[in-house]
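Trainee: One structure, as C-alpha cells, below. Some questions next.
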Amino acid sequence: MKYAGKKVITMIITLFAVTLFVFLAFHFISGDPATSMLGTEATPERVEALREEMGLNDPVLLQYGRWALNFLKGDMGISYSYRMSVSEMVADKIPVTVTLTILAFLMMVVIAIPLGIYTAKHVGGVIDRIIYMINQVIMAFPPFFAGILITLVFGRILKLFTPGGYVSYQKDFFGFVGYLIFPAFAIALPKAAMAVKLLRSSVISESKLDYVRTAYSRGNSTKAVLYKHVLKNALIPVITFLGMALADMIAGSIIIEQVFSIPGLGRILLTSISNRDYPVVMAVIVCISLLVLVVNMVVDIIYGLVDPRISIE
Amino acid sequence: MIRNGKKNYNLIVGSIITGFILLLILVGTFYTPYDPDAMDAASKFAGVSLKHPMGCDNFGRDIFSRVLEGSRTTFIVAAGTVFIGTFFGIIMGALTGYYGGIVDEILMRFNDAMFAFPSILLALLFISLFGSGKYQVILALGIAFIPSFARIVRSEFIKCKNMDYVKNAKLQGASNIRIMFVHILPNTVTVLLSAIMIGFNNAVLAEAGMSFLGIGVQPPDASLGRMLSEAQTYLFSAPTYAIFPGLIIILMVLGFSLLGDGLKSEE
Amino acid sequence: MDEKHLLKVTDLNIEFHDHIVPETVVYDFDLTLDEGDIVGLVGESGSGKSMSALAIAGLLSRKDMKKRGEILFEGVDLLTCERSTLRDIQGNDISVIFQEPMTSLNPVKKIGWQVEESLRIHTDMTKEERYQKVIQMLEDVELDNPEQVYNQYPHELSGGMRQRVMIAAAMICAPKILIADEPTTALDVTIQAQIVKLLKRINKEKKTAIIFISHDLSLVKQICERVLVMQGGYIVESGLTEDIFNNPQKEYTKKLIEAIPKVDRNKKG
Amino acid sequence: MAEKILEVSDLCVSYECARKTPFEKKKSIQVLKEVSFSMEKGEILGLVGESGSGKTTLARAILGMIPYEGTIIKTIENPQMVFQDPYGSLNPSKKVGWILEEPLRLKGGYTDEERHEKVVAMLHMVGLDEKFMDRYPRQLSGGQRQRVCIAGALMLEPKLLIADEPVSALDVTIQAQILELLQRIHKEMDLSIIFISHDLRVVYQMCDTVMIMKDGQIVERGTVEEVYFNHKSEYTGNLLQSAGIDINS
C-alpha cells in the first residue's frame, strides 16, 4: 500500500513537471496571446487592455498557477479560432479517443497473450517460424498504412463498414463501437505482434532458469511448469510493455483518427496545430499526458502486485 | 553467419533487404527515371507499365521516381534522428550512470517523465511550436529519442561501473573520462547497436506518421508518409499509389529489425 | 533384473546434440545405491558429475541418453518408462537440491507454496494437512518461525535459510533418494557445516540415500562412505572413501588429493 | 625486525543505506569497527572471514578506493589488487595485450616497443606466452584469466599485492597452480601479499601470518601456527571445525 502511495505521489509530481514544461514552452514560444486573439490590426491600447484583463502582465509562475487551477476546475481557456470554451470543445472528444484506445488495448491482449504462449510452447516448430515471420512483417507496418489497407480491404472491397461513416456515441453507442473496431484493429495489430515476440522470448529465457529445473524435479509436467511457474515470471516484462504500448496507443490514435475520419482528440489537435490555436493544443496535450501518466501509474502498481521483489525493496 | 550448424536466417534476410533498400536510396540520389516533381497530365493515374514501373499519381508524376526520392528523405530523417538521440543519449547516460548522485536523480526523474511520453506527442508539441519541415522533424524526433537512449546507456554504465575491471582501471590511475569512454563504452556496443536498430525503425515510422498527418516533411521534399496521405483519397481508383510507398516503409523497417535480431543472436 | 538395489545405473552415456558433432559429456557411468547410502561424486568442472546426477533425477532430455545404458530405480528403467511414471517418481521418490538456492527457488512464489508443491502433485492431502506438514518440515530443517517463513518470498531469506527451504521442499514426500548437487558451495563455512550436519541427520533418521556431488574433496571425505572420482566424463576411480583417500590408485586421484592444501603442524618447521 | 610497510590504526568504514524517502534520516551500517594492525615487508598475510566480515572492505580502504576514518600509513607506492572473479576483472572488449599495456600507458614514459617488451616479459613471468596478447578474455580458461589478472597487477612492479579470493572460483588443480605462482612471484619480486580468503586450508598453505575477521573486527592475529593450533578465540575454533580441520593431527 505504501508502494502504491509512492507511485501516486510520483505521478502527481510528474504531472506537475509536465504541465509546467508545456505551459512554459507555450508561454515563451507561442507569442502574445492577446495579439493572437485580436489580430495584428488591433491598436496597442486594446492589446494592452486585454493583456491586463487576461493577467498576462503577472509573473509567469502566477500565470501558471492560475492556469493550472482553472484547468483543474475544468476551465481550459478560450479557443483563438473558434472563440468558444476549450473545455466544451475537448469534453466530447475524450470519450472517443479513450474508447478507441481501450478497444485497441483489449484486442492486443486477446491476440497477443494466447499467441505468445502458443509460440513459446512450440519453439522451433514450423508454425512458430511462420508466426515469427508474420510478426516481423506486421511490426514493420506503420499503423496508418495498416489503416489504409483495412479501409481498402474491409471497407471498399468487402464492404464490412463504411469508410468515413463515423457514428457519434451520443446517437448510437453500438454503431459507434462498431465503427471503431476496424481502426482499433489497425492500432492493435503492430503492438500485438511486438507483445507476442516479447512474451515468446520472455518465456524462453525464463525457461532456462534454475527454478524451472527445480519445478521439473518435483514431478511437474511441462504444462504445469509453464502455467504454474514460468508464466507469472515471464509476464513481468510483458506488463511493462503493455503499459508502454497503451500509452503509445493513446498517441497512435492521433494518426488513426485521421485515417478513419474519427473526431477524437487527435483530430482536434491537428486542426489546432495548423491553426496555431495554442489554448486548444495545450489542453489536448495536457489531457493526453494525463491519460498516459495515469496508465503508467496503474502499470507500476500492478507491477508491484505481481513482483514481490519490487514492492518490498 | 553459421553457428552451431544453424544458419542465421535473420541476419542473411535482414542484410539482403537492407542492402536492397540502401541500393535504392543510393541510386535514387544520382538518378531517377523521371523528375519526381514533373507533372504530366496525360499519364494521370497511369497503371503499372514498363514506362512507369509503379504507375503515376493524381498529377501524373512517376511514383517510382517519387518513391526513390521519398525513401531517401525518410532515411535521412531517421538517420539524423538516431544520430541526435544516440549522441546526446550516450553523453547523458554515461555521465548520469557513471557519477550517480543528485544530478542523476533529477535528470532521471525528468527522463522518466519524458520516457513515459509517447515520442510522437513530444514531436507534435515541438512541431506546433517551431513549425514543420525536414529539419524540424529531425530535431523534434531526435530530442524525443534522447531519453530512451540515455536510459539504455545509463543502465549499461551502472552495470559496468561496478565490475572489477573498472575498479582495476581506477586503481591503475585511469581518469574518469578515460574509464567512461575507453574502458566502459566499448562494452555497451552490443546493446547500443540493437537500440539503434530499434530506434531507427521507430524514427522511420514516426517520420512517416508525421508526414502522413501533414506536419512532417513539407513539399517540395517527397516523403513516403506524405505520398500515403495523398494516396488515401484515390485509394480505390489507384491502389498502387498507396501500396508501393507503404511497401518500401515496411521493407525498410523489416530489414533493420531482422538485422537487429540476427546480430543479437550472433553474440 | 536386479531388484535388490534401490538404484542401479549401468553404462549411462550422455551426449549433447547442440552442435553438428554430438558432444559426449558422460561415458559409461555406473552406480549402485541402497537405502541409507551416502555416495560422493567428485570432480572438477566439466567432469560430468552434475550431468550424471541430473540424468538420474530425470532432468535431461531422453534423446541425449539414447546411446546405451539404463537407470533402474526399484527395477523401473527411468530412461524408457512412461513419462507419467517418471513424473510420479520425481519429487516423490527422488528429489534434488541445487547449488544456488536463490535461483533454484521461484522468485515470485511464496516459500510455503513451493515447499508443499510435491505434496500437491503426489498426494491427495487437503490444504490444511499440507499446511501442517509444511510447517512440520520447516521445523525439521531447523528454521525458526516456520509460520512466518511460510508466507515469505525467497529474496527475503538468507542463503543458509534458502538452502534449508530447498531441503525441506525436497524432503517433504520423504523420498528414497536425495540428490545434492554442490549444496553448500555458495555458502559460508559455518553455514556449510550446519547444512552438512542436517543432511547427515536426514540420512540417519529417514534412511534416505544421498548422492552428494561436490568439487570439494575434504567435504566429501567428511560425509560420504563411498566416493566416485570423475574426470572428463569418465569415472576414474571408485570405492570406499577411506581407501581412496589413503591409497589412491589412479594418477588423477592422487593429483586431486595432493591439490587439497594440507593443514599440518609440521609444514613450516 | 623487518621494516613495516603498512600500518592501519583505528580504521572505521561505514556505508550509508539508501533512503526510501528524502525525508528519512540517513542511516549507516558500520562495516569496519576500529581495525588496527600492521604488516611487515615480505609478509604474506592471510585475511580470513565469512561473508560480511569486512575483509574486502578492509582491502578497499587500504587501496584508497573508499572513504574511511582513522589512519592508514603506507610506506610503499601503488599497491595493486587481484580480484576474485577473473571473468569480471578483465575488460571483455579488450585484448589481453591492451589490458596489460594499460597501466604502462597510464603511467606514461614508455615507447610502444618498451611496452610490448614489458608485457611479453610479464606474460612469461606468469607462465603464459606472447601469443596470448592477441586473445580476448573470453577465449581464456579460468586459470589463464587469473594469470593475466596477476600479470596486470604486477605490471607496475608494486611492492604490495592484495589478492581478494583469487582462487575460490577455480578448480582445485588450477587453484594449486595459481597458489604456486603467487608464492613464486612473492620470492622473485620481493612482494608482500595480503591474501583474502574464506578457505582456511588455502590460507594455511599460502600465508605466514593470518588475521581472522568477524563483523568488522579482528578476532585474532598471529602466525598461522599460533592461530590454527593455539587459537584463543572460540570463533576461530568454530571456523576450523566447520572446515573439517582436525587441529590435533
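Naming works like this for the C-alpha cells: A, B, ... for the chains as they're shown, residue 1 at the start of each chain, ligands 1 onward in shown order.
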At a cut-off of 10 Å, using only C-alpha atoms, what residues contact His198 of chain D? Leave out same-chain residues fewer than 3 positions from it and give the result as a ChimeraX atom specification.
Mentor: /C:188-189 /D:46-51,55,164-165,168,201-203,212,239,243
Trainee: When you look at Leu180 of chain A with a cut-off of 8 Å (counting only C-alpha atoms), what residues show up, excluding the ones that are within fewer than 4 positions of it in the same chain? I need them as a PyMOL selection string.
Mentor: chain A and resi 100+103+176+184
Trainee: Could you save those same residues with C-alpha atoms as a PDB file, in the first residue's frame?
Mentor:
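Printed below is again_9.pdb as written:
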```
ATOM      1  CA  LEU A 100     -10.724   3.694 -29.320  1.00  0.00           C
ATOM      2  CA  LEU A 103     -10.785  -1.313 -27.715  1.00  0.00           C
ATOM      3  CA  PHE A 176     -20.088   3.938 -32.623  1.00  0.00           C
ATOM      4  CA  ALA A 184      -8.790  -0.206 -33.170  1.00  0.00           C
TER       5      ALA A 184
END
```
Trainee: Hey, what's within 12 Å of Ala121 of chain D if we count only C-alpha atoms and toss same-chain stuff fewer than 2 positions away? As a list in words, please?
Mentor: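 Those residues are Gly97, Leu100, Glu101, Glu114, Arg115, His116, Glu117, Lys118, Val119, Leu123, His124, Met125, Val126, Gly127, Leu128, Asp129, Glu130, Met133, Ala151, Gly152, Leu154 and Met155 of chain D.
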Trainee: Using only C-alpha atoms, what table do you get, as a Markdown table, when you list each residue of chain B with an atom no more than 10 Å from chain D, its nearest pair of atoms, and their distance in Å rounded to one decimal, rows by chain then rising number?
Mentor:
```
| residue | atom | partner | partner_atom | distance |
| --- | --- | --- | --- | --- |
| B:Cys160 | CA | D:Gly88 | CA | 9.5 |
| B:Asn162 | CA | D:Gly88 | CA | 9.5 |
| B:Met163 | CA | D:Gly88 | CA | 5.9 |
| B:Asp164 | CA | D:Ser89 | CA | 4.3 |
| B:Tyr165 | CA | D:Ser89 | CA | 4.0 |
| B:Val166 | CA | D:Ser89 | CA | 7.6 |
| B:Lys167 | CA | D:Met65 | CA | 8.2 |
| B:Asn168 | CA | D:Ser89 | CA | 7.1 |
| B:Ala169 | CA | D:Pro103 | CA | 7.9 |
| B:Lys170 | CA | D:Met65 | CA | 8.4 |
| B:Leu171 | CA | D:Gln80 | CA | 7.0 |
| B:Gln172 | CA | D:Pro103 | CA | 5.7 |
| B:Gly173 | CA | D:Leu106 | CA | 6.6 |
| B:Ala174 | CA | D:Leu106 | CA | 6.3 |
| B:Ser175 | CA | D:Leu106 | CA | 8.9 |
| B:Arg178 | CA | D:Leu106 | CA | 9.9 |
| B:Val182 | CA | D:Lys94 | CA | 9.8 |
| B:His183 | CA | D:Asn91 | CA | 7.2 |
| B:Ile184 | CA | D:Asn91 | CA | 8.3 |
| B:Leu185 | CA | D:Ser93 | CA | 9.4 |
| B:Pro186 | CA | D:Ser93 | CA | 6.3 |
| B:Asn187 | CA | D:Ser93 | CA | 5.8 |
| B:Thr188 | CA | D:Ser93 | CA | 9.4 |
| B:Val189 | CA | D:Ser93 | CA | 9.4 |
```
Trainee: At a cut-off of 10 Å, list the chain C residues touching chain B, using only C-alpha atoms, as a VMD selection string.
Mentor: chain C and resid 17 to 21
Trainee: For chain C against chain A, with a cut-off of 6 Å and counting only C-alpha atoms, what is the closest atom pair and its distance in Å to one decimal for every residue that makes the cut, ordered by chain and number, as JSON lines?
Mentor:
```
{"residue": "C:Arg87", "atom": "CA", "partner": "A:Gly219", "partner_atom": "CA", "distance": 4.3}
{"residue": "C:Gln90", "atom": "CA", "partner": "A:Gly219", "partner_atom": "CA", "distance": 4.5}
{"residue": "C:Gly91", "atom": "CA", "partner": "A:Arg218", "partner_atom": "CA", "distance": 3.7}
{"residue": "C:Thr103", "atom": "CA", "partner": "A:Asp210", "partner_atom": "CA", "distance": 5.6}
{"residue": "C:Ser104", "atom": "CA", "partner": "A:Tyr211", "partner_atom": "CA", "distance": 4.0}
{"residue": "C:Leu105", "atom": "CA", "partner": "A:Tyr211", "partner_atom": "CA", "distance": 5.0}
{"residue": "C:Asn106", "atom": "CA", "partner": "A:Tyr211", "partner_atom": "CA", "distance": 5.3}
{"residue": "C:Val108", "atom": "CA", "partner": "A:Asp307", "partner_atom": "CA", "distance": 6.0}
{"residue": "C:Ser118", "atom": "CA", "partner": "A:Arg218", "partner_atom": "CA", "distance": 5.6}
```
Trainee: Could you write those residues out with all heavy atoms, as a short mmCIF file (atom, residue, chain, number, x, y, z; two decimals), in the first residue's frame?
Mentor:
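As written to disk, selection_13.cif reads:
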```
data_model
loop_
_atom_site.label_atom_id
_atom_site.label_comp_id
_atom_site.auth_asym_id
_atom_site.auth_seq_id
_atom_site.Cartn_x
_atom_site.Cartn_y
_atom_site.Cartn_z
N ARG C 87 7.40 -39.01 -13.83
CA ARG C 87 6.94 -37.85 -13.06
C ARG C 87 6.45 -38.26 -11.67
O ARG C 87 6.60 -37.52 -10.72
CB ARG C 87 5.83 -37.11 -13.81
CG ARG C 87 6.37 -36.23 -14.92
CD ARG C 87 5.40 -35.12 -15.25
NE ARG C 87 4.17 -35.62 -15.81
CZ ARG C 87 3.96 -35.84 -17.10
NH1 ARG C 87 4.93 -35.61 -17.96
NH2 ARG C 87 2.80 -36.28 -17.53
N GLN C 90 9.63 -38.56 -9.66
CA GLN C 90 10.29 -37.27 -9.40
C GLN C 90 9.60 -36.52 -8.26
O GLN C 90 8.39 -36.34 -8.29
CB GLN C 90 10.27 -36.39 -10.64
CG GLN C 90 11.22 -36.85 -11.73
CD GLN C 90 11.12 -35.99 -12.96
OE1 GLN C 90 10.03 -35.56 -13.33
NE2 GLN C 90 12.24 -35.74 -13.61
N GLY C 91 10.39 -36.09 -7.31
CA GLY C 91 9.82 -35.31 -6.22
C GLY C 91 9.20 -36.18 -5.15
O GLY C 91 9.01 -35.75 -4.02
N THR C 103 18.55 -18.91 -7.02
CA THR C 103 17.98 -19.02 -8.36
C THR C 103 17.15 -20.31 -8.52
O THR C 103 16.35 -20.41 -9.44
CB THR C 103 19.08 -19.02 -9.43
OG1 THR C 103 20.02 -20.05 -9.12
CG2 THR C 103 19.79 -17.69 -9.47
N SER C 104 17.36 -21.27 -7.62
CA SER C 104 16.61 -22.51 -7.75
C SER C 104 15.21 -22.41 -7.18
O SER C 104 14.40 -23.32 -7.33
CB SER C 104 17.35 -23.65 -7.06
OG SER C 104 18.59 -23.82 -7.67
N LEU C 105 14.94 -21.31 -6.48
CA LEU C 105 13.57 -21.10 -5.99
C LEU C 105 12.88 -20.10 -6.90
O LEU C 105 13.51 -19.16 -7.40
CB LEU C 105 13.62 -20.56 -4.56
CG LEU C 105 14.04 -21.57 -3.49
CD1 LEU C 105 14.39 -20.86 -2.19
CD2 LEU C 105 12.94 -22.59 -3.23
N ASN C 106 11.59 -20.31 -7.09
CA ASN C 106 10.82 -19.39 -7.94
C ASN C 106 10.67 -18.04 -7.23
O ASN C 106 10.12 -17.99 -6.13
CB ASN C 106 9.45 -20.01 -8.22
CG ASN C 106 8.69 -19.26 -9.28
OD1 ASN C 106 8.86 -18.05 -9.45
ND2 ASN C 106 7.85 -19.96 -10.01
N VAL C 108 8.80 -15.44 -7.55
CA VAL C 108 7.52 -14.77 -7.32
C VAL C 108 6.50 -15.63 -6.56
O VAL C 108 5.34 -15.28 -6.47
CB VAL C 108 6.88 -14.28 -8.64
CG1 VAL C 108 7.80 -13.31 -9.35
CG2 VAL C 108 6.53 -15.44 -9.55
N SER C 118 5.39 -30.61 -4.02
CA SER C 118 5.45 -32.05 -4.24
C SER C 118 4.23 -32.75 -3.63
O SER C 118 3.72 -33.72 -4.19
CB SER C 118 6.73 -32.63 -3.64
OG SER C 118 7.83 -32.13 -4.35
#
```
Trainee: At a cut-off of 7 Å, list the chain A residues touching chain B, using only C-alpha atoms, as a list in words.
Mentor: Thr14, Ile29, Ser30, Gln136, Val137, Ala140, Phe141, Pro142, Phe145, Ile148, Leu152, Ala247, Asp248, Ala251, Ile255 and Ile273 of chain A
Trainee: Any chance you could tabulate, as a tab-separated table, the residues of chain D at most 12 Å from chain C with each one's nearest atom pair and distance in Å to one decimal, using only C-alpha atoms, in chain and rising number order?
Mentor:
```
residue	atom	partner	partner_atom	distance
D:Val48	CA	C:Val189	CA	11.1
D:Gly49	CA	C:Asp188	CA	9.0
D:Glu50	CA	C:Asp188	CA	5.8
D:Ser51	CA	C:Asp188	CA	6.7
D:Gly52	CA	C:Asp188	CA	10.1
D:Ser53	CA	C:Asp188	CA	11.0
D:Ser141	CA	C:Ser45	CA	11.5
D:Gly142	CA	C:Ser45	CA	10.7
D:Ser168	CA	C:Thr185	CA	10.2
D:Ala169	CA	C:Thr185	CA	10.5
D:Leu170	CA	C:Ser45	CA	8.8
D:Asp171	CA	C:Glu44	CA	5.7
D:Val172	CA	C:Ala259	CA	5.9
D:Thr173	CA	C:Ala259	CA	5.6
D:Ile174	CA	C:Ala259	CA	8.7
D:Gln175	CA	C:Ala259	CA	7.8
D:Ala176	CA	C:Ala259	CA	5.7
D:Gln177	CA	C:Ala259	CA	8.9
D:Ile178	CA	C:Ala259	CA	11.2
D:Leu179	CA	C:Pro261	CA	9.9
D:Glu180	CA	C:Ala259	CA	10.9
D:Ser197	CA	C:Asp188	CA	11.2
D:His198	CA	C:Val189	CA	7.6
D:Asp199	CA	C:Val189	CA	8.1
D:Leu200	CA	C:Val263	CA	8.6
D:Arg201	CA	C:Pro261	CA	5.4
D:Val202	CA	C:Pro261	CA	5.6
D:Val203	CA	C:Pro261	CA	8.6
D:Tyr204	CA	C:Val263	CA	6.2
D:Gln205	CA	C:Pro261	CA	5.8
D:Met206	CA	C:Pro261	CA	8.7
D:Cys207	CA	C:Lys268	CA	10.4
D:Asp208	CA	C:Lys268	CA	9.1
D:Thr209	CA	C:Lys268	CA	11.9
D:Thr223	CA	C:Lys268	CA	11.0
D:Val224	CA	C:Arg265	CA	9.7
D:Glu225	CA	C:Arg265	CA	7.0
D:Glu226	CA	C:Arg265	CA	10.0
D:Val227	CA	C:Arg265	CA	11.4
D:Tyr228	CA	C:Val263	CA	8.7
D:Phe229	CA	C:Arg265	CA	7.7
D:Asn230	CA	C:Arg265	CA	11.0
D:Tyr235	CA	C:Thr190	CA	10.0
D:Thr236	CA	C:Thr190	CA	10.7
D:Gly237	CA	C:Thr190	CA	10.9
D:Asn238	CA	C:Thr190	CA	7.5
D:Leu239	CA	C:Thr190	CA	6.3
D:Leu240	CA	C:Val189	CA	9.0
D:Gln241	CA	C:Ala193	CA	8.4
D:Ser242	CA	C:Ala193	CA	5.0
D:Ala243	CA	C:Val189	CA	6.1
D:Gly244	CA	C:Gln222	CA	7.2
D:Ile245	CA	C:Val263	CA	7.2
D:Asp246	CA	C:Val263	CA	8.3
D:Ile247	CA	C:Asp264	CA	8.0
D:Asn248	CA	C:Arg265	CA	8.7
D:Ser249	CA	C:Asp264	CA	6.8
```
Trainee: I'd like the contact shell of segment 83-85 of chain B - 12 Å cut-off, only C-alpha atoms, skipping same-chain residues fewer than 4 positions apart - returned as JSON, numbers by chain.
Mentor: {"B": [75, 76, 77, 78, 79, 89, 90, 91, 92, 93, 119, 135, 137, 138, 139, 140, 141, 142, 143, 144, 145, 146, 147, 148, 149, 150, 151, 152, 153, 192, 195, 196, 197, 199, 200, 202, 203]}
Trainee: Kindly export the residues of the current selection with N, CA, C and O atoms, as a compact mmCIF listing (two decimals), in the first residue's frame.
Mentor:
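Okay, part_32.txt is ready:
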```txt
# COMPACT_ATOMS: atom_id res chain seq x y z
N PHE B 75 14.96 8.10 -45.01
CA PHE B 75 16.19 7.53 -44.46
C PHE B 75 17.03 8.62 -43.78
O PHE B 75 17.54 8.42 -42.68
N ILE B 76 17.14 9.75 -44.46
CA ILE B 76 17.96 10.83 -43.89
C ILE B 76 17.36 11.30 -42.56
O ILE B 76 18.07 11.48 -41.57
N VAL B 77 16.05 11.47 -42.55
CA VAL B 77 15.40 11.92 -41.31
C VAL B 77 15.64 10.90 -40.19
O VAL B 77 16.03 11.26 -39.08
N ALA B 78 15.44 9.60 -40.51
CA ALA B 78 15.61 8.57 -39.49
C ALA B 78 17.05 8.53 -39.00
O ALA B 78 17.31 8.47 -37.79
N ALA B 79 18.00 8.61 -39.94
CA ALA B 79 19.42 8.55 -39.56
C ALA B 79 19.78 9.76 -38.69
O ALA B 79 20.45 9.61 -37.67
N GLY B 89 22.22 10.90 -26.05
CA GLY B 89 21.84 9.82 -25.13
C GLY B 89 23.07 9.21 -24.48
O GLY B 89 23.08 8.94 -23.28
N ILE B 90 24.13 8.99 -25.29
CA ILE B 90 25.35 8.40 -24.74
C ILE B 90 25.96 9.33 -23.70
O ILE B 90 26.30 8.91 -22.59
N ILE B 91 26.08 10.61 -24.06
CA ILE B 91 26.71 11.55 -23.13
C ILE B 91 25.91 11.62 -21.82
O ILE B 91 26.45 11.48 -20.72
N MET B 92 24.59 11.78 -21.97
CA MET B 92 23.75 11.91 -20.79
C MET B 92 23.75 10.61 -19.97
O MET B 92 23.93 10.64 -18.74
N GLY B 93 23.59 9.49 -20.65
CA GLY B 93 23.54 8.20 -19.96
C GLY B 93 24.87 7.88 -19.29
O GLY B 93 24.91 7.39 -18.17
N SER B 119 6.76 9.37 -28.00
CA SER B 119 7.66 10.32 -28.65
C SER B 119 6.94 11.15 -29.70
O SER B 119 7.29 12.30 -29.94
N TYR B 135 14.04 19.55 -41.25
CA TYR B 135 14.98 19.71 -40.14
C TYR B 135 14.28 19.79 -38.79
O TYR B 135 14.77 19.28 -37.79
N VAL B 137 11.61 18.17 -38.09
CA VAL B 137 11.25 16.79 -37.74
C VAL B 137 12.46 16.06 -37.16
O VAL B 137 12.36 15.38 -36.14
N ILE B 138 13.62 16.22 -37.81
CA ILE B 138 14.83 15.55 -37.30
C ILE B 138 15.10 16.00 -35.86
O ILE B 138 15.32 15.19 -34.96
N LEU B 139 15.03 17.31 -35.67
CA LEU B 139 15.32 17.85 -34.35
C LEU B 139 14.28 17.37 -33.32
O LEU B 139 14.62 16.92 -32.23
N ALA B 140 13.01 17.45 -33.73
CA ALA B 140 11.93 17.08 -32.80
C ALA B 140 12.03 15.62 -32.41
O ALA B 140 12.02 15.27 -31.22
N LEU B 141 12.16 14.74 -33.41
CA LEU B 141 12.25 13.31 -33.10
C LEU B 141 13.55 13.00 -32.37
O LEU B 141 13.58 12.21 -31.43
N GLY B 142 14.62 13.65 -32.81
CA GLY B 142 15.92 13.41 -32.17
C GLY B 142 15.85 13.70 -30.68
O GLY B 142 16.25 12.89 -29.84
N ILE B 143 15.29 14.86 -30.34
CA ILE B 143 15.17 15.22 -28.92
C ILE B 143 14.25 14.23 -28.21
O ILE B 143 14.56 13.75 -27.12
N ALA B 144 13.17 13.87 -28.88
CA ALA B 144 12.24 12.93 -28.26
C ALA B 144 12.89 11.57 -28.02
O ALA B 144 12.49 10.83 -27.13
N PHE B 145 13.91 11.24 -28.82
CA PHE B 145 14.54 9.92 -28.69
C PHE B 145 15.66 9.90 -27.66
O PHE B 145 16.10 8.83 -27.24
N ILE B 146 16.16 11.06 -27.26
CA ILE B 146 17.29 11.07 -26.32
C ILE B 146 17.02 10.26 -25.05
O ILE B 146 17.83 9.44 -24.65
N PRO B 147 15.85 10.46 -24.40
CA PRO B 147 15.64 9.75 -23.13
C PRO B 147 15.78 8.23 -23.23
O PRO B 147 16.39 7.62 -22.37
N SER B 148 15.25 7.66 -24.32
CA SER B 148 15.31 6.20 -24.36
C SER B 148 16.75 5.72 -24.52
O SER B 148 17.16 4.73 -23.91
N PHE B 149 17.54 6.45 -25.31
CA PHE B 149 18.95 6.06 -25.43
C PHE B 149 19.69 6.30 -24.12
O PHE B 149 20.48 5.47 -23.68
N ALA B 150 19.42 7.44 -23.50
CA ALA B 150 20.10 7.77 -22.25
C ALA B 150 19.82 6.68 -21.20
O ALA B 150 20.70 6.25 -20.47
N ARG B 151 18.59 6.22 -21.18
CA ARG B 151 18.20 5.20 -20.22
C ARG B 151 18.97 3.91 -20.43
O ARG B 151 19.48 3.31 -19.48
N ILE B 152 19.07 3.51 -21.70
CA ILE B 152 19.78 2.27 -22.00
C ILE B 152 21.26 2.39 -21.64
O ILE B 152 21.83 1.53 -20.97
N VAL B 153 21.88 3.48 -22.08
CA VAL B 153 23.31 3.67 -21.81
C VAL B 153 23.54 3.76 -20.30
O VAL B 153 24.47 3.16 -19.77
N LEU B 192 23.84 -1.11 -27.48
CA LEU B 192 23.61 0.15 -28.18
C LEU B 192 23.19 -0.11 -29.62
O LEU B 192 22.28 0.53 -30.15
N ALA B 195 19.72 -1.12 -29.82
CA ALA B 195 18.87 0.04 -29.54
C ALA B 195 18.81 0.96 -30.76
O ALA B 195 17.78 1.54 -31.07
N ILE B 196 19.94 1.07 -31.46
CA ILE B 196 19.98 1.93 -32.64
C ILE B 196 19.06 1.38 -33.73
O ILE B 196 18.32 2.11 -34.38
N MET B 197 19.10 0.05 -33.90
CA MET B 197 18.25 -0.58 -34.91
C MET B 197 16.77 -0.30 -34.59
O MET B 197 16.00 0.09 -35.46
N GLY B 199 15.61 2.04 -32.64
CA GLY B 199 15.38 3.48 -32.72
C GLY B 199 15.20 3.93 -34.15
O GLY B 199 14.32 4.74 -34.46
N PHE B 200 16.01 3.37 -35.04
CA PHE B 200 15.91 3.72 -36.45
C PHE B 200 14.51 3.40 -36.98
O PHE B 200 13.86 4.21 -37.63
N ASN B 202 11.76 3.01 -35.24
CA ASN B 202 10.76 3.90 -34.65
C ASN B 202 10.78 5.25 -35.34
O ASN B 202 9.74 5.87 -35.55
N ALA B 203 11.99 5.70 -35.70
CA ALA B 203 12.11 7.01 -36.35
C ALA B 203 11.46 6.97 -37.74
O ALA B 203 10.76 7.91 -38.13
```
Trainee: Identify, on the basis of only C-alpha atoms, every residue whose closest approach to Val220 of chain C does not exceed 8 Å; exclude the query and any residue fewer than 6 positions from it along the same chain; express the result as an NGL selection string.
Mentor: :C and (40 or 42 or 212 or 214 or 227)
Trainee: Would you mind exporting the chosen residues as a JSON list (two decimals), in the first residue's frame, restricted to N, CA, C and O atoms?
Mentor:
```json
[["chain", "number", "residue", "atom", "x", "y", "z"],
["C", 40, "GLY", "N", 29.52, -40.07, -2.68],
["C", 40, "GLY", "CA", 30.03, -38.80, -3.16],
["C", 40, "GLY", "C", 30.40, -38.88, -4.63],
["C", 40, "GLY", "O", 30.90, -39.90, -5.10],
["C", 42, "VAL", "N", 32.76, -36.83, -7.10],
["C", 42, "VAL", "CA", 33.75, -35.77, -7.02],
["C", 42, "VAL", "C", 34.39, -35.52, -8.37],
["C", 42, "VAL", "O", 34.61, -36.45, -9.13],
["C", 212, "PHE", "N", 25.86, -37.17, -3.12],
["C", 212, "PHE", "CA", 26.41, -35.87, -2.77],
["C", 212, "PHE", "C", 27.46, -35.48, -3.80],
["C", 212, "PHE", "O", 28.50, -36.12, -3.93],
["C", 214, "SER", "N", 30.17, -32.86, -5.30],
["C", 214, "SER", "CA", 30.96, -31.73, -4.84],
["C", 214, "SER", "C", 32.31, -31.69, -5.54],
["C", 214, "SER", "O", 32.81, -32.71, -6.03],
["C", 227, "VAL", "N", 32.84, -43.12, -2.64],
["C", 227, "VAL", "CA", 33.09, -41.96, -3.49],
["C", 227, "VAL", "C", 33.42, -42.40, -4.92],
["C", 227, "VAL", "O", 34.00, -43.46, -5.14]]
```
Trainee: Which distance in Å separates atom CA of Val299 of chain A and atom CA of Leu242 of chain A, to one decimal?
Mentor: 8.3 Å
Trainee: For Ile193 of chain D, work out the shell of residues within 7 Å, counting only C-alpha atoms and skipping chain neighbours fewer than 5 positions away, then give it as a list in words.
Mentor: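 Close residues of Ile193 of chain D: Glu43, Ile44, Leu45, Leu160, Leu161 and Ile162 of chain D.
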Trainee: Within 8 Å of Tyr234 of chain C, counting only C-alpha atoms, which residues qualify if same-chain residues fewer than 5 places away don't, as a PyMOL selection string?
Mentor: chain C and resi 26-29+47-48
